[in-house]
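The file final.cif comes next; it holds mmCIF, C-alpha atoms.
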```cif
data_query
#
loop_
_atom_site.label_atom_id
_atom_site.label_comp_id
_atom_site.auth_asym_id
_atom_site.auth_seq_id
_atom_site.Cartn_x
_atom_site.Cartn_y
_atom_site.Cartn_z
CA MET A 33 86.70 107.84 107.31
CA SER A 34 86.59 104.30 108.63
CA VAL A 35 86.00 103.36 112.25
CA GLU A 36 88.01 100.61 113.90
CA VAL A 37 86.88 99.15 117.20
CA ARG A 38 89.61 97.55 119.31
CA PRO A 39 88.01 95.76 122.26
CA ARG A 40 91.35 94.21 123.29
CA GLY A 41 93.60 97.02 122.09
CA ASP A 42 96.93 95.75 120.77
CA ALA A 43 96.67 92.35 122.50
CA CYS A 44 97.46 89.48 120.13
CA ASN A 45 97.95 85.73 120.24
CA LEU A 46 100.78 85.92 117.68
CA LYS A 47 104.12 87.70 117.78
CA CYS A 48 104.65 88.76 114.21
CA THR A 49 108.29 89.64 113.62
CA TYR A 50 107.46 92.86 111.78
CA CYS A 51 104.35 94.04 113.66
CA TYR A 52 104.22 97.80 114.17
CA GLN A 53 102.12 97.23 117.31
CA GLU A 54 104.77 95.21 119.16
CA ARG A 55 106.30 98.17 120.98
CA ALA A 56 102.84 99.22 122.14
CA ARG A 57 102.25 95.72 123.55
CA GLU A 58 105.53 95.90 125.44
CA GLU A 59 104.41 99.16 127.04
CA ARG A 60 101.01 97.76 128.08
CA ARG A 61 101.74 94.29 129.39
CA HIS A 62 98.77 94.20 131.76
CA GLU A 63 96.03 95.33 129.42
CA ARG A 64 92.62 93.94 130.38
CA GLY A 65 89.32 93.46 128.59
CA GLY A 66 87.36 96.46 127.42
CA ASP A 67 84.24 98.34 128.46
CA THR A 68 81.64 97.26 125.92
CA ASP A 69 79.09 99.84 127.04
CA ALA A 70 81.63 102.63 126.53
CA MET A 71 82.59 101.33 123.09
CA ILE A 72 78.97 101.12 121.97
CA ALA A 73 78.32 104.63 123.30
CA ALA A 74 81.28 105.92 121.28
CA LEU A 75 80.03 104.11 118.17
CA ASP A 76 76.58 105.58 118.69
CA ARG A 77 78.08 109.09 118.73
CA LEU A 78 80.25 108.50 115.66
CA ASP A 79 77.31 106.97 113.75
CA GLU A 80 79.53 105.29 111.12
CA PRO A 81 79.86 101.64 110.01
CA PHE A 82 82.81 99.98 111.70
CA THR A 83 85.31 97.15 111.61
CA LEU A 84 86.48 95.16 114.62
CA PHE A 85 90.24 95.21 114.76
CA GLY A 86 93.26 94.44 116.94
CA GLY A 87 95.87 93.19 117.77
CA GLU A 88 93.75 90.11 117.45
CA VAL A 89 90.10 90.90 118.01
CA LEU A 90 89.13 87.25 118.60
CA LEU A 91 90.80 87.41 122.00
CA THR A 92 87.66 89.31 123.00
CA ARG A 93 85.19 87.60 125.34
CA ARG A 94 82.56 86.19 123.01
CA ALA A 95 79.60 87.75 124.82
CA ASP A 96 81.18 91.19 124.37
CA LEU A 97 82.08 90.45 120.77
CA GLU A 98 78.51 89.43 120.00
CA ARG A 99 77.13 92.64 121.53
CA LEU A 100 79.34 94.70 119.23
CA LEU A 101 78.44 92.64 116.17
CA ALA A 102 74.73 92.83 117.05
CA PHE A 103 74.99 96.62 117.30
CA GLY A 104 76.63 96.76 113.87
CA PHE A 105 73.96 94.51 112.39
CA GLU A 106 71.05 96.46 113.87
CA ARG A 107 72.46 99.87 112.93
CA TYR A 108 74.16 99.20 109.58
CA GLY A 109 73.16 95.73 108.46
CA GLY A 110 76.57 94.30 109.30
CA SER A 111 80.16 95.14 110.20
CA GLY A 112 83.70 94.14 109.34
CA LEU A 113 86.20 92.07 111.30
CA GLN A 114 89.93 91.81 110.59
CA THR A 115 91.65 88.76 112.06
CA ASN A 116 94.59 86.39 111.68
CA ALA A 117 91.87 83.67 111.75
CA THR A 118 93.89 81.32 113.99
CA LEU A 119 91.25 81.46 116.74
CA VAL A 120 88.11 81.13 114.60
CA THR A 121 85.72 78.40 115.82
CA GLU A 122 82.57 76.83 114.41
CA ALA A 123 80.56 78.97 116.81
CA ASP A 124 82.34 82.09 115.53
CA LEU A 125 81.48 81.25 111.94
CA ALA A 126 77.83 80.90 112.91
CA THR A 127 77.98 84.25 114.71
CA PHE A 128 79.58 85.93 111.70
CA ALA A 129 76.81 84.60 109.47
CA ARG A 130 74.09 85.69 111.91
CA TYR A 131 75.33 89.28 112.04
CA ASN A 132 76.47 89.63 108.41
CA VAL A 133 80.14 90.09 109.26
CA ARG A 134 82.55 90.86 106.41
CA LEU A 135 85.71 88.99 107.27
CA GLY A 136 89.22 90.13 106.44
CA VAL A 137 92.12 87.74 106.99
CA SER A 138 95.76 88.70 107.46
CA ILE A 139 98.15 86.07 106.09
CA ASP A 140 101.37 86.38 104.11
CA GLY A 141 101.07 83.15 102.15
CA PRO A 142 100.84 79.42 102.72
CA GLY A 143 103.09 77.37 105.00
CA GLU A 144 106.62 78.74 105.39
CA LEU A 145 105.74 81.99 103.65
CA ASN A 146 103.76 82.94 106.77
CA ASP A 147 106.53 82.05 109.25
CA ALA A 148 107.02 85.69 110.28
CA ARG A 149 103.64 85.46 112.03
CA ILE A 150 105.01 83.52 114.99
CA ALA A 151 102.78 81.41 117.25
CA GLY A 152 105.44 80.38 119.79
CA ASN A 153 107.66 77.83 118.04
CA PRO A 154 108.02 76.63 114.44
CA ALA A 155 105.60 73.70 114.81
CA ARG A 156 102.90 75.84 116.43
CA THR A 157 103.46 78.57 113.85
CA ARG A 158 102.87 76.16 110.97
CA SER A 159 99.82 74.77 112.77
CA ALA A 160 98.43 78.28 113.23
CA THR A 161 99.01 79.04 109.54
CA ALA A 162 97.22 75.83 108.58
CA ALA A 163 94.27 76.90 110.75
CA THR A 164 94.14 80.25 108.94
CA GLU A 165 94.27 78.57 105.55
CA ALA A 166 91.46 76.21 106.60
CA VAL A 167 89.22 79.15 107.54
CA ILE A 168 89.84 80.80 104.16
CA GLU A 169 89.09 77.49 102.41
CA ARG A 170 85.89 77.04 104.41
CA LEU A 171 84.62 80.55 103.70
CA CYS A 172 85.35 80.21 99.99
CA ARG A 173 83.59 76.87 99.86
CA GLU A 174 80.52 78.45 101.45
CA GLY A 175 80.51 81.31 98.95
CA LYS A 176 81.68 83.92 101.47
CA PRO A 177 85.31 84.54 100.48
CA PRO A 178 87.19 86.88 102.82
CA SER A 179 89.35 89.78 101.76
CA ILE A 180 93.05 89.14 102.30
CA ILE A 181 95.90 91.35 103.50
CA VAL A 182 99.41 90.25 102.47
CA THR A 183 102.55 91.98 103.72
CA LEU A 184 105.55 91.56 101.43
CA HIS A 185 108.89 90.69 103.07
CA ALA A 186 111.94 88.46 102.80
CA LEU A 187 110.08 85.27 103.72
CA ASN A 188 107.49 85.44 100.96
CA VAL A 189 109.39 87.24 98.18
CA ARG A 190 113.04 86.20 98.09
CA GLY A 191 114.33 83.18 96.21
CA ASP A 192 111.58 81.05 94.70
CA ARG A 193 109.03 82.10 97.32
CA LEU A 194 107.44 84.78 95.18
CA ASP A 195 106.54 82.02 92.72
CA VAL A 196 104.99 80.05 95.60
CA LEU A 197 103.04 83.15 96.64
CA CYS A 198 101.76 83.58 93.09
CA ARG A 199 100.63 79.95 92.88
CA TRP A 200 98.75 80.40 96.15
CA LEU A 201 97.09 83.57 94.86
CA ARG A 202 96.05 81.77 91.67
CA ASP A 203 94.48 79.10 93.85
CA LEU A 204 92.63 81.72 95.91
CA ASP A 205 91.45 83.29 92.66
CA ARG A 206 89.96 79.97 91.52
CA LYS A 207 88.23 79.64 94.90
CA GLY A 208 86.57 83.04 94.58
CA VAL A 209 88.66 85.47 96.62
CA ARG A 210 88.19 88.92 95.10
CA ARG A 211 90.10 91.46 97.16
CA VAL A 212 93.75 91.30 98.18
CA ARG A 213 95.52 94.25 99.76
CA LEU A 214 99.30 94.31 99.34
CA HIS A 215 101.38 95.99 102.04
CA VAL A 216 105.02 96.96 101.87
CA LEU A 217 106.50 96.04 105.24
CA GLN A 218 106.59 98.97 107.68
CA VAL A 219 109.97 99.03 109.42
CA ASP A 220 109.62 99.86 113.10
CA GLY A 221 112.57 98.33 114.94
CA SER A 222 115.40 95.94 114.23
CA GLU A 223 113.24 92.80 113.99
CA ALA A 224 111.24 94.25 111.12
CA ALA A 225 114.40 95.57 109.47
CA ARG A 226 115.75 92.04 109.17
CA LEU A 227 112.74 91.07 107.06
CA ALA A 228 112.51 94.29 105.05
CA LEU A 229 113.03 94.23 101.31
CA SER A 230 115.20 96.73 99.51
CA PRO A 231 113.30 99.30 97.40
CA GLU A 232 114.41 97.36 94.31
CA GLU A 233 113.09 94.09 95.73
CA SER A 234 109.76 95.64 96.73
CA LEU A 235 109.34 97.19 93.30
CA ALA A 236 110.21 93.97 91.48
CA ALA A 237 107.75 91.99 93.61
CA LEU A 238 104.94 94.49 93.10
CA ARG A 239 105.54 94.60 89.34
CA HIS A 240 105.46 90.80 89.28
CA LEU A 241 102.14 90.80 91.15
CA ARG A 242 100.77 93.50 88.86
CA ASP A 243 101.53 91.23 85.91
CA LEU A 244 99.91 88.32 87.74
CA GLU A 245 96.72 90.32 88.22
CA ARG A 246 96.17 90.31 84.45
CA GLU A 247 95.96 86.51 84.55
CA LEU A 248 93.45 86.34 87.40
CA SER A 249 89.71 86.20 86.87
CA ALA A 250 88.48 87.40 90.27
CA ILE A 251 91.24 88.88 92.42
CA ARG A 252 92.05 92.54 92.19
CA PHE A 253 95.03 94.03 94.02
CA ASP A 254 93.37 97.35 94.80
CA LEU A 255 96.74 99.12 94.89
CA PHE A 256 97.19 99.25 91.11
CA ASP A 257 93.68 100.47 90.33
CA GLU A 258 94.12 103.18 92.96
CA ILE A 259 97.35 104.42 91.36
CA ALA A 260 95.74 104.59 87.91
CA SER A 261 92.72 106.47 89.26
CA LEU A 262 94.89 108.93 91.18
CA LEU A 263 96.87 109.76 88.07
CA GLN A 264 93.58 110.65 86.40
CA GLY A 265 92.75 113.02 89.25
CA ASP A 266 90.34 110.79 91.16
CA ASP A 267 91.12 109.95 94.79
CA SER A 268 87.62 108.75 95.69
CA ARG A 269 88.70 105.09 95.77
CA ALA A 270 92.20 105.61 97.11
CA SER A 271 93.27 103.96 100.34
CA CYS A 272 94.45 105.93 103.34
CA ALA A 273 98.14 105.99 102.36
CA PHE A 274 97.34 108.16 99.31
CA HIS A 275 95.30 110.73 101.22
CA ALA A 276 96.49 113.70 103.25
CA CYS A 277 96.93 112.13 106.68
CA ASP A 278 97.45 114.10 109.86
CA PRO A 279 99.25 111.80 112.33
CA PHE A 280 97.47 113.48 115.23
CA SER A 281 93.99 113.12 113.72
CA THR A 282 94.26 110.39 111.10
CA ARG A 283 91.91 110.91 108.18
CA ALA A 284 91.22 107.31 107.29
CA VAL A 285 90.88 105.77 110.72
CA VAL A 286 89.14 106.74 113.92
CA SER A 287 89.94 104.07 116.48
CA VAL A 288 87.52 103.31 119.29
CA GLU A 289 89.68 101.90 122.06
CA ALA A 290 88.72 99.35 124.71
CA ASP A 291 87.61 102.08 127.15
CA GLY A 292 85.58 103.96 124.51
CA ALA A 293 88.22 106.66 123.99
CA LEU A 294 88.95 107.81 120.45
CA ALA A 295 92.44 107.34 119.05
CA ASN A 296 94.31 107.41 115.73
CA CYS A 297 95.53 104.79 113.30
CA GLY A 298 98.12 102.67 115.10
CA ARG A 299 100.59 102.93 112.23
CA VAL A 300 101.56 106.45 113.31
CA ASN A 301 102.42 105.36 116.87
CA LYS A 302 106.17 105.17 117.44
CA GLU A 303 108.24 103.81 120.31
CA GLY A 304 105.10 102.29 121.82
CA THR A 305 103.52 105.72 122.37
CA ALA A 306 100.04 106.62 121.14
CA ASN A 307 99.19 110.30 120.79
CA GLY A 308 95.76 111.52 121.80
CA ARG A 309 93.38 112.32 118.95
CA ALA A 310 93.34 116.01 118.09
CA ALA A 311 89.95 117.71 117.72
CA VAL A 312 90.94 119.51 114.49
CA ARG A 313 92.71 118.02 111.48
CA SER A 314 95.84 119.71 110.22
CA PHE A 315 97.65 119.42 106.91
CA ASP A 316 100.99 120.76 108.12
CA ARG A 317 102.77 117.62 106.92
CA GLN A 318 101.58 117.95 103.32
CA ILE A 319 102.14 121.72 103.20
CA ALA A 320 105.68 121.25 104.51
CA LEU A 321 106.47 118.31 102.22
CA PHE A 322 105.39 120.32 99.19
CA ALA A 323 107.89 123.08 100.09
CA THR A 324 110.78 120.93 101.34
CA PRO A 325 113.49 119.85 98.88
CA GLN A 326 113.61 116.16 98.12
CA GLU A 327 117.22 115.90 99.30
CA GLU A 328 116.00 117.05 102.74
CA GLY A 329 113.21 114.49 102.95
CA GLY A 330 110.47 116.50 101.27
CA CYS A 331 108.54 116.25 98.01
CA ALA A 332 109.22 119.61 96.34
CA GLY A 333 108.98 119.33 92.57
CA CYS A 334 107.66 115.76 92.49
CA ARG A 335 105.12 115.44 89.70
CA PHE A 336 103.28 112.75 91.67
CA PHE A 337 102.84 114.80 94.84
CA LEU A 338 99.09 115.38 94.39
CA MET A 339 98.56 111.62 94.06
CA CYS A 340 100.95 110.36 96.73
CA LYS A 341 101.08 113.28 99.19
CA GLY A 342 104.17 111.84 100.85
CA ASN A 343 102.33 108.57 101.51
CA CYS A 344 101.68 107.19 105.02
CA PRO A 345 103.27 109.15 107.89
CA GLY A 346 103.68 105.83 109.69
CA THR A 347 106.28 104.86 107.08
CA ALA A 348 108.09 108.21 107.08
CA ILE A 349 111.88 108.36 106.82
CA ALA A 350 113.46 107.58 110.22
CA GLY A 351 109.96 107.43 111.73
CA ASP A 352 109.67 111.23 111.48
CA TRP A 353 106.15 112.04 110.23
CA ARG A 354 107.36 115.39 108.89
CA LEU A 355 109.30 113.58 106.15
CA ARG A 356 108.02 111.64 103.14
CA SER A 357 107.66 107.88 103.15
CA ALA A 358 110.80 105.75 103.24
CA ASP A 359 109.08 103.73 100.49
CA CYS A 360 109.14 106.71 98.11
CA PRO A 361 111.37 105.00 95.47
CA THR A 362 108.88 102.15 95.18
CA TRP A 363 105.81 104.39 94.94
CA PHE A 364 107.47 106.78 92.49
CA ALA A 365 108.37 103.93 90.14
CA LEU A 366 104.85 102.44 90.28
CA PHE A 367 103.31 105.82 89.51
CA ALA A 368 105.76 106.27 86.63
CA ASP A 369 104.85 102.84 85.27
CA ALA A 370 101.14 103.61 85.38
CA GLU A 371 101.69 107.08 83.94
CA ALA A 372 103.48 105.64 80.91
CA ALA A 373 100.81 102.98 80.39
CA LEU A 374 97.95 105.49 80.56
CA MET A 375 99.65 107.97 78.24
CA ALA A 376 100.27 105.18 75.73
CA GLN A 377 96.49 104.65 75.72
CA GLY A 378 95.89 108.35 75.08
CA VAL A 379 94.66 109.04 78.62
CA ASP A 380 95.35 112.49 80.10
CA VAL A 381 97.22 112.23 83.40
CA LEU A 382 97.40 114.92 86.06
CA SER A 383 101.13 114.40 86.57
CA ARG A 384 101.79 115.69 83.03
CA SER A 385 98.93 118.16 82.81
CA PRO A 386 99.59 121.86 82.08
CA HIS A 387 97.15 122.51 84.93
CA ARG A 388 99.14 120.54 87.51
CA GLY A 389 100.79 123.63 89.01
CA ALA A 390 97.47 125.42 89.45
CA THR A 391 95.92 122.27 90.92
CA GLU A 392 98.78 121.94 93.41
CA ALA A 393 98.43 125.59 94.41
CA ALA A 394 94.66 125.22 94.89
CA MET A 395 95.09 122.11 97.02
CA ILE A 396 97.75 123.76 99.20
CA ALA A 397 95.43 126.75 99.65
CA ALA A 398 92.60 124.44 100.71
CA TRP A 399 94.82 122.58 103.18
CA THR A 400 95.94 125.91 104.63
CA GLN A 401 92.26 126.53 105.45
CA HIS A 402 91.92 123.04 107.05
CA ASP A 403 89.87 121.86 104.08
CA ASP A 404 90.53 118.64 102.17
CA PRO A 405 88.38 118.65 99.01
CA PRO A 406 88.32 115.70 96.60
CA LEU A 407 91.15 115.80 94.10
CA ALA A 408 88.67 115.55 91.21
CA GLU A 409 86.92 118.69 92.40
CA ILE A 410 90.14 120.70 92.55
CA ARG A 411 91.37 119.38 89.21
CA GLY A 412 88.05 120.15 87.51
CA ARG A 413 88.06 123.68 88.87
CA CYS A 414 91.63 124.37 87.73
CA SER A 415 91.23 122.82 84.28
CA GLY A 416 87.89 124.49 83.59
CA GLU A 417 86.09 121.13 83.48
CA ALA A 418 84.02 121.72 86.64
#
```

Once more with this new file: its structure as structure tokens, please.
Amino acid sequence: MSVEVRPRGDACNLKCTYCYQERAREERRHERGGDTDAMIAALDRLDEPFTLFGGEVLLTRRADLERLLAFGFERYGGSGLQTNATLVTEADLATFARYNVRLGVSIDGPGELNDARIAGNPARTRSATAATEAVIERLCREGKPPSIIVTLHALNVRGDRLDVLCRWLRDLDRKGVRRVRLHVLQVDGSEAARLALSPEESLAALRHLRDLERELSAIRFDLFDEIASLLQGDDSRASCAFHACDPFSTRAVVSVEADGALANCGRVNKEGTANGRAAVRSFDRQIALFATPQEEGGCAGCRFFLMCKGNCPGTAIAGDWRLRSADCPTWFALFADAEAALMAQGVDVLSRSPHRGATEAAMIAAWTQHDDPPLAEIRGRCSGEA
């Protein structure tokens, strides 16, 4: 579980064309600053390290931001902060250093590749992107490279732009960036749909980036390592999308909202509506997907079900969390690629194991009892290796 603290909720200084939070912002036009005491009280009860998140968290009043960062430093030795980095100041950089803040930056590439992250008009958008790039450059120069999140879409993949993206990533690699998370664009609404890639385009781009990774000395795209580990029955390093997520009590994310209330990962919110966080986790989605034919939106018979689990409910077909991810063709092909590569190396993979059926049955039985054991534990038990 990770804890996200959102002192300004969904409020943001940019209007990203594809942002899944945009509908929520439209529904809460008059959102005000948060209750820092209530947020700290909630964090005290949760007693978990946390990341400051948004919207754009740097819209937060700096005195309130510093109180949250100080709490994270005193309790856990530091905290995380995810930002578009357009509002970072010299004073902020000093504050981040003082409280050992691990910075994550969201940017889809240099210059025009980041034009979907709109800052008002084209000139201001390019200026905002330049500011983000300058922060990344500064942090790398000081030996504190941030992690990067890149969303793949029409503006940074189509035409010759994927080559531009790769050159930029090579440059970041030389400067010391180590972690880059690749996102397939989540389609919520017509604006995002206009930027969305076809499954074939997404797959081709991800395969191209997977090949690029072999050339890089520092950067790892965690996605590909996760897929390989999952195929070997280990989900300990897998990101949230490859775990059994309940959209009413999200496994990977507990969100502490501006008033101290607990909420879920914002990716499962649809039509601008956020569901309250349920007290008990359920695995109804995974149990149903396992039994539902693929032609009806389920995962029945898929040899990669234990690894993928239908993927993120926020990306489900037609926005219906009961169905598998709309990105299924992309994920299936990437798992098949990794499966073939591992088998060629003589590595046993769970997707082709004679114990896969028993492992699936044991996991379904555990989910029925509201338990979610590690995949390695279930596999070891069913194969006699435990």

So that I can check the surroundings of Phe82 (chain A), please list as a list of chain:residue names every protein, DNA and RNA residue that reaches within 7 Å of it, counting all atoms listed in the file and ignoring chain neighbours fewer than 5 positions away. A:Ser34, A:Val35, A:Glu36, A:Val37, A:Ser111, A:Gly112

- Report as a list of chain:residue names the residues that result from applying the PyMOL selection byres ((chain A and resi 190-202) around 8) to the structure here.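 This file, filtered by the PyMOL selection byres ((chain A and resi 190-202) around 8), leaves A:Gly141, A:Pro142, A:Leu145, A:His185, A:Ala186, A:Leu187, A:Asn188, A:Val189, A:Asp203, A:Leu204, A:Asp205, A:Arg206, A:Ala237, A:Leu241, A:Leu244, A:Leu248.
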
Output of the above residues as an mmCIF file, keeping the file's coordinate frame, restricted to C-alpha atoms:
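In the end it all went to out06.cif:
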```cif
data_model
loop_
_atom_site.group_PDB
_atom_site.id
_atom_site.type_symbol
_atom_site.label_atom_id
_atom_site.label_comp_id
_atom_site.auth_asym_id
_atom_site.auth_seq_id
_atom_site.Cartn_x
_atom_site.Cartn_y
_atom_site.Cartn_z
ATOM 1 C CA GLY A 141 101.070 83.150 102.150
ATOM 2 C CA PRO A 142 100.840 79.420 102.720
ATOM 3 C CA LEU A 145 105.740 81.990 103.650
ATOM 4 C CA HIS A 185 108.890 90.690 103.070
ATOM 5 C CA ALA A 186 111.940 88.460 102.800
ATOM 6 C CA LEU A 187 110.080 85.270 103.720
ATOM 7 C CA ASN A 188 107.490 85.440 100.960
ATOM 8 C CA VAL A 189 109.390 87.240 98.180
ATOM 9 C CA ASP A 203 94.480 79.100 93.850
ATOM 10 C CA LEU A 204 92.630 81.720 95.910
ATOM 11 C CA ASP A 205 91.450 83.290 92.660
ATOM 12 C CA ARG A 206 89.960 79.970 91.520
ATOM 13 C CA ALA A 237 107.750 91.990 93.610
ATOM 14 C CA LEU A 241 102.140 90.800 91.150
ATOM 15 C CA LEU A 244 99.910 88.320 87.740
ATOM 16 C CA LEU A 248 93.450 86.340 87.400
#
```

Check your understanding: Once the PyMOL selection byres ((chain A and resi 151-168) around 8) has been applied to the shown file, what residues remain in the selection, as a ChimeraX atom specification?
Key -> /A:45-47,116-118,120,137,139,142-144,146-147,149-150,169-172,177-178

inquiry  = Using the chain letters and numbers from this file, what does the PyMOL selection byres ((chain A and resi 88) around 12) select? Give the answer as a ChimeraX atom specification.
reply    = /A:37-48,51,53,57,84-87,89-93,113-120,136-138

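Closest to Arg269 (chain A) among A:Val379, A:Phe128, A:Met339, A:Phe315 is A:Met339, based on only C-alpha atoms.
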
Practice task
Just give me the residues with any atom within 12 Å of (95.5, 91.7, 86.4), file coordinates, counting all atoms listed in the file, written as a list of chain:residue names.
Solution key: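 Those within range, by chain then number, are A:Leu201, A:Arg202, A:Asp205, A:Arg210, A:Val212, A:Leu238, A:Arg239, A:His240, A:Leu241, A:Arg242, A:Asp243, A:Leu244, A:Glu245, A:Arg246, A:Glu247, A:Leu248, A:Ser249, A:Ala250, A:Ile251, A:Arg252, A:Phe253, A:Asp254, A:Leu255, A:Phe256, A:Asp257.
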
| request: Just the residues within 9 Å of region 392-403 of chain A, please, counting only C-alpha atoms, with nothing from its chain fewer than 6 positions along; format it as a VMD selection string. | output: chain A and resid 312 to 316 318 to 319 322 337 to 338 410 to 411 414

Min atom-atom distance to Ala74 (chain A) from the set A:Glu233, A:Asn307, A:Leu125, A:Phe103, counting all atoms listed in the file, belongs to A:Phe103

Point to revise | Interatomic distance, CA of Leu294 (chain A) to CA of Ile72 (chain A) (Å, one decimal) | key: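 We find that CA of Leu294 (chain A) and CA of Ile72 (chain A) lie 12.1 Å from each other.
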
Just want the 9 Å neighbourhood of Ser281 (chain A), counted on all atoms listed in the file, with same-chain residues fewer than 3 positions away dropped. Output as a CSV table (one decimal) with C-alpha atoms, in the frame of the given file.
```
chain,number,residue,atom,x,y,z
A,277,CYS,CA,96.9,112.1,106.7
A,278,ASP,CA,97.4,114.1,109.9
A,285,VAL,CA,90.9,105.8,110.7
A,286,VAL,CA,89.1,106.7,113.9
A,295,ALA,CA,92.4,107.3,119.0
A,296,ASN,CA,94.3,107.4,115.7
A,297,CYS,CA,95.5,104.8,113.3
A,308,GLY,CA,95.8,111.5,121.8
A,309,ARG,CA,93.4,112.3,119.0
A,310,ALA,CA,93.3,116.0,118.1
A,311,ALA,CA,90.0,117.7,117.7
A,312,VAL,CA,90.9,119.5,114.5
A,313,ARG,CA,92.7,118.0,111.5
A,314,SER,CA,95.8,119.7,110.2
```

(Q) So that I can check the surroundings of region 359-376 of chain A, please list as number ranges by chain every protein, DNA and RNA residue that reaches within 7 Å of it, counting all atoms listed in the file and ignoring chain neighbours fewer than 6 positions away. (A) A: 231, 234-235, 259-260, 263

If the box runs along x, y and z of the file and leaves 5 Å on each side of region 67-72 of chain A, what are its centre and edge lengths in Å, one decimal, as AutoDock Vina command-line options?
```
--center_x 81.6 --center_y 99.9 --center_z 125.2 --size_x 15.3 --size_y 15.4 --size_z 16.5
```

Distance criterion (only C-alpha atoms): nearest to Ala102 (chain A) out of A:Asn132, A:Thr282, A:Thr49, A:Ser385 =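 For Ala102 (chain A), the nearest of the given residues is A:Asn132.
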
Nearest to Arg354 (chain A), restricted to all atoms listed in the file and choosing among A:Gly412, A:Gly333, A:Pro279, A:Gly298, comes out as A:Pro279

Students should find that CA of Pro386 (chain A) and CA of Asn343 (chain A) are spaced 23.7 Å
